[in-house]
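Undergrad: Right, I'll just put the structure down here and ask away after.
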Amino acid sequence: MDLTTAQWFIVIAASFLVGATKAGLKGLGIIVVALLVLVFEAKAQTGILLPILIIGDILAVIYYKRHVKWHYLAKFLPAMIMGVFIAGYLGDQLPDEAFKKWLGGVVLVSVIIMLWWDYKGKDNVPNNWLFAGSSGVAAGFATMIGNLAGAFANMFFLATRLPKNEIIGTSAWLFFIINLIKLPIHIFSWETISMETFKIDLLMIPAILAGFWVGQKIVALINERYYRYFLLIATTIGAIVILI
């Protein structure tokens with residue numbers, strides 16, 4: 001709790017962006033992680049951020065409850081859970097620099113492929129169990145290591161070509177379940193969540209609520225086609241930030 005005024009401002013800004021992200025402005029998660037790393041150590045910020053994400057998840061599953069496609073959730077979730085447990089076991093043994101470069105490279109290549117499919121006007125984007133499984137494991141691993149699953153989840157949902165609200169509603173349930181699974185690992189294994197960190201999270205609730213309100217107002221103004229482009233651009237920026 002011994003933070004400077006500037007550090008509190010950064011944490012509040014990050015919490016606001018979490019709310020906006022959960023409302024549907026996907027891709028802001030990279031900025032959130034970057035901001036929190038300025039205040040906390042890389043591994044410590046994952047424990048600070050997780051309860052904030054869960055609060056945002058609760059808002060999202062309530063607001064978008066009519067737009068869930070359980071079929072796609074069932075296709076992506078098991079592989080993502082597997083990725084979470086693999087990362088939970090490895091913990092911080094993975095070399096950080098090597099992981100970030102690998103992660104950013106894979107995401108960047110995947111986005112180039114998605115842009116190529118869009119340019120060619122192809123409708124047969126991989127929407128099968130193999131694509132869902134590989135994306136899911138990568139997303140689960142990334143979300144456990146650094147809360148950076150957004151890019152891989154975006155790739156999967158872009159491939160499904162679901163409407164905007166159904167992407168948001170389905171991904172809301174996906175991350176709500178995944179983040180609850182991550183919770184005991186952070187508390188009992190990694191020990192990155194304590195009563196002290198939880199007090200900070202509780203203080204961030206107004207910022208999360210404000211971010212969600214602003215986010216859903218902006219999402220409502222974006223039409224379906226431009227929302228897809230928004231996801232592609234946000235995912236690309238995320239990959240570049242990871243690489244840098």
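Going through the structure tokens in order, the chains are called A, B, and so on, while each chain numbers its residues from 1 and the ligands are numbered from 1 in the order shown.
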I'd like the neighbourhood of Phe16 of chain A as a list in words, where a residue qualifies if any of its atoms comes within 10 Å (using only C-alpha atoms), though same-chain residues fewer than 3 positions away should be ignored.
TA: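 That gives Ile10, Val11, Ile12, Ala13, Gly19, Ala20, Thr21, Val32, Ile52, Gly56, Met204, Ile205, Pro206, Ala207, Ile208, Leu209, Ala210, Gly211, Phe212, Trp213, Val214 and Gly215 of chain A.
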Undergrad: Could you take the residues named above and write them with C-alpha atoms, as a compact mmCIF listing (two decimals), in the first residue's frame?
TA:
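As a result, part-v9.txt now contains:
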# COMPACT_ATOMS: atom_id res chain seq x y z
CA ILE A 10 -0.94 4.65 -12.80
CA VAL A 11 -2.80 1.84 -11.01
CA ILE A 12 -6.10 3.76 -11.30
CA ALA A 13 -5.49 4.37 -15.02
CA GLY A 19 -13.01 -1.87 -17.36
CA ALA A 20 -12.93 -0.54 -20.93
CA THR A 21 -11.33 -3.77 -22.16
CA VAL A 32 -2.56 -2.35 -18.68
CA ILE A 52 -9.16 -6.44 -11.01
CA GLY A 56 -14.30 -6.60 -14.86
CA MET A 204 -9.89 0.15 -7.80
CA ILE A 205 -13.59 -0.83 -8.13
CA PRO A 206 -14.81 2.74 -8.96
CA ALA A 207 -12.15 3.05 -11.71
CA ILE A 208 -13.15 -0.34 -13.17
CA LEU A 209 -16.84 0.66 -13.18
CA ALA A 210 -16.06 3.98 -14.86
CA GLY A 211 -13.92 2.27 -17.50
CA PHE A 212 -16.62 -0.29 -18.25
CA TRP A 213 -19.26 2.42 -18.66
CA VAL A 214 -17.08 4.45 -21.04
CA GLY A 215 -16.01 1.30 -22.91
Undergrad: Could you give me, as a list in words, the residues within 12 Å of Phe230 of chain A, counting only C-alpha atoms and dropping anything in the same chain fewer than 4 positions from it?
TA: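 The residues that qualify are Gly24, Leu25, Lys26, Gly27, Leu28, Asn154, Leu158, Lys164, Val219, Ile222, Asn223, Glu224, Arg225, Tyr226, Ala234, Thr235, Thr236 and Ile237 of chain A.
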Undergrad: So how many Å separate atom CA of Val18 of chain A and atom CA of Phe156 of chain A, to one decimal?
TA: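 Those two atoms sit 20.6 Å apart.
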Undergrad: In Å to one decimal, how far is atom CA of Ile218 of chain A from atom CA of Ala138 of chain A?
TA: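 Straight-line distance from atom CA of Ala138 of chain A to atom CA of Ile218 of chain A works out to 29.2 Å.
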Undergrad: Write out as number ranges by chain all residues of segment 1-216 of chain A that DSSP puts in helix (DSSP H, G or I) for this structure's backbone.
TA: A: 5-22, 29-37, 42-63, 65-67, 70-90, 96-120, 129-146, 150-160, 164-189, 195-203, 205-216
Undergrad: Return the single residue from A:Ile187, A:Leu3, A:Val84, A:Leu231 that is closest to Phe40 of chain A, with distances computed using only C-alpha atoms.
TA: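 Using only C-alpha atoms, Phe40 of chain A sits closest to A:Leu3.
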Undergrad: Please compute the atom CA of Ile112 of chain A-atom CA of Ile86 of chain A distance, one decimal, in Å.
TA: 27.3 Å
Undergrad: Pick from A:Ile178, A:Ile167, A:Met80, A:Leu221: nearest to Phe152 of chain A, with only C-alpha atoms counted?
TA: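 The closest residue to Phe152 of chain A is A:Met80.
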Undergrad: Skipping near chain neighbours, those fewer than 2 positions away, what residues fall within 7 Å of segment 168-173 of chain A using only C-alpha atoms, listed as a list in words?
TA: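 Non-adjacent residues within range: Gly24, Asp57, Ala60, Val61, Tyr64, Lys65, His67, Val68, Lys69, Leu73, Lys164, Asn165, Glu166, Phe175, Phe176 and Ile177 of chain A.
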Undergrad: Write out, as a compact mmCIF listing (two decimals), in the first residue's frame, the residues just selected, with N, CA and C atoms.
TA:
# COMPACT_ATOMS: atom_id res chain seq x y z
N GLY A 24 -15.44 -4.44 -24.10
CA GLY A 24 -15.34 -4.80 -25.51
C GLY A 24 -14.23 -4.14 -26.28
N ASP A 57 -14.59 -8.97 -15.35
CA ASP A 57 -15.28 -10.13 -15.93
C ASP A 57 -16.72 -10.22 -15.46
N ALA A 60 -18.83 -7.83 -17.26
CA ALA A 60 -19.02 -8.22 -18.66
C ALA A 60 -20.01 -9.36 -18.82
N VAL A 61 -19.93 -10.38 -17.95
CA VAL A 61 -20.84 -11.53 -18.11
C VAL A 61 -22.28 -11.13 -17.78
N TYR A 64 -23.35 -8.64 -21.00
CA TYR A 64 -23.44 -9.31 -22.30
C TYR A 64 -23.98 -10.74 -22.18
N LYS A 65 -24.78 -11.01 -21.15
CA LYS A 65 -25.23 -12.38 -20.89
C LYS A 65 -26.09 -12.97 -22.01
N HIS A 67 -25.48 -12.74 -25.17
CA HIS A 67 -24.70 -12.86 -26.41
C HIS A 67 -23.63 -13.95 -26.35
N VAL A 68 -23.81 -14.93 -25.48
CA VAL A 68 -22.81 -15.99 -25.34
C VAL A 68 -23.08 -17.11 -26.33
N LYS A 69 -22.03 -17.58 -27.01
CA LYS A 69 -22.10 -18.74 -27.89
C LYS A 69 -21.33 -19.88 -27.22
N LEU A 73 -17.23 -21.43 -26.91
CA LEU A 73 -16.59 -21.45 -25.59
C LEU A 73 -16.07 -22.85 -25.26
N LYS A 164 -20.05 -8.72 -33.35
CA LYS A 164 -19.33 -7.98 -32.30
C LYS A 164 -19.78 -8.38 -30.89
N ASN A 165 -21.07 -8.27 -30.61
CA ASN A 165 -21.55 -8.53 -29.25
C ASN A 165 -21.35 -9.99 -28.83
N GLU A 166 -21.41 -10.91 -29.79
CA GLU A 166 -21.21 -12.32 -29.46
C GLU A 166 -19.74 -12.61 -29.18
N PHE A 175 -12.93 -15.67 -20.16
CA PHE A 175 -11.92 -15.14 -19.25
C PHE A 175 -12.39 -15.15 -17.80
N PHE A 176 -13.68 -15.08 -17.55
CA PHE A 176 -14.19 -15.20 -16.19
C PHE A 176 -13.84 -16.57 -15.61
N ILE A 177 -14.09 -17.62 -16.39
CA ILE A 177 -13.78 -18.98 -15.94
C ILE A 177 -12.27 -19.17 -15.77
Undergrad: Could you name the residues that touch Val33 of chain A at 9 Å or less, counting only C-alpha atoms, but leaving out those on the same chain fewer than 3 positions away, as a ChimeraX atom specification?
TA: /A:14,28-30,36-38,42,45-46,49,146-148
Undergrad: Next, dump the selected residues to file, keeping only C-alpha atoms, as a compact mmCIF listing (two decimals), in the first residue's frame.
TA:
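After the write, selection-v9.txt holds the following:
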# COMPACT_ATOMS: atom_id res chain seq x y z
CA ALA A 14 -4.72 0.68 -15.54
CA LEU A 28 -5.93 -2.59 -24.19
CA GLY A 29 -4.67 -5.38 -21.95
CA ILE A 30 -1.13 -4.91 -23.24
CA LEU A 36 1.50 -2.00 -13.86
CA VAL A 37 5.05 -3.14 -14.55
CA LEU A 38 6.08 0.49 -14.01
CA ALA A 42 6.71 -8.29 -13.47
CA GLN A 45 1.77 -7.33 -11.09
CA THR A 46 0.04 -10.53 -12.23
CA LEU A 49 -4.09 -7.46 -11.74
CA GLY A 146 1.69 -12.28 -17.89
CA ASN A 147 -2.06 -11.70 -18.42
CA LEU A 148 -1.33 -11.41 -22.17
Undergrad: So which residues touch Leu180 of chain A within 10 Å, counting only C-alpha atoms, skipping near sequence neighbours fewer than 6 positions away, as an MDAnalysis selection string?
TA: chainID A and resid 50:51 53:54 57
Undergrad: Measuring between only C-alpha atoms, which one of A:Lys43, A:Ala132, A:Leu202, A:Ala34 shows the shortest distance to Ala79 of chain A?
TA: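 Nearest candidate to Ala79 of chain A out of A:Lys43, A:Ala132, A:Leu202, A:Ala34: A:Ala132.
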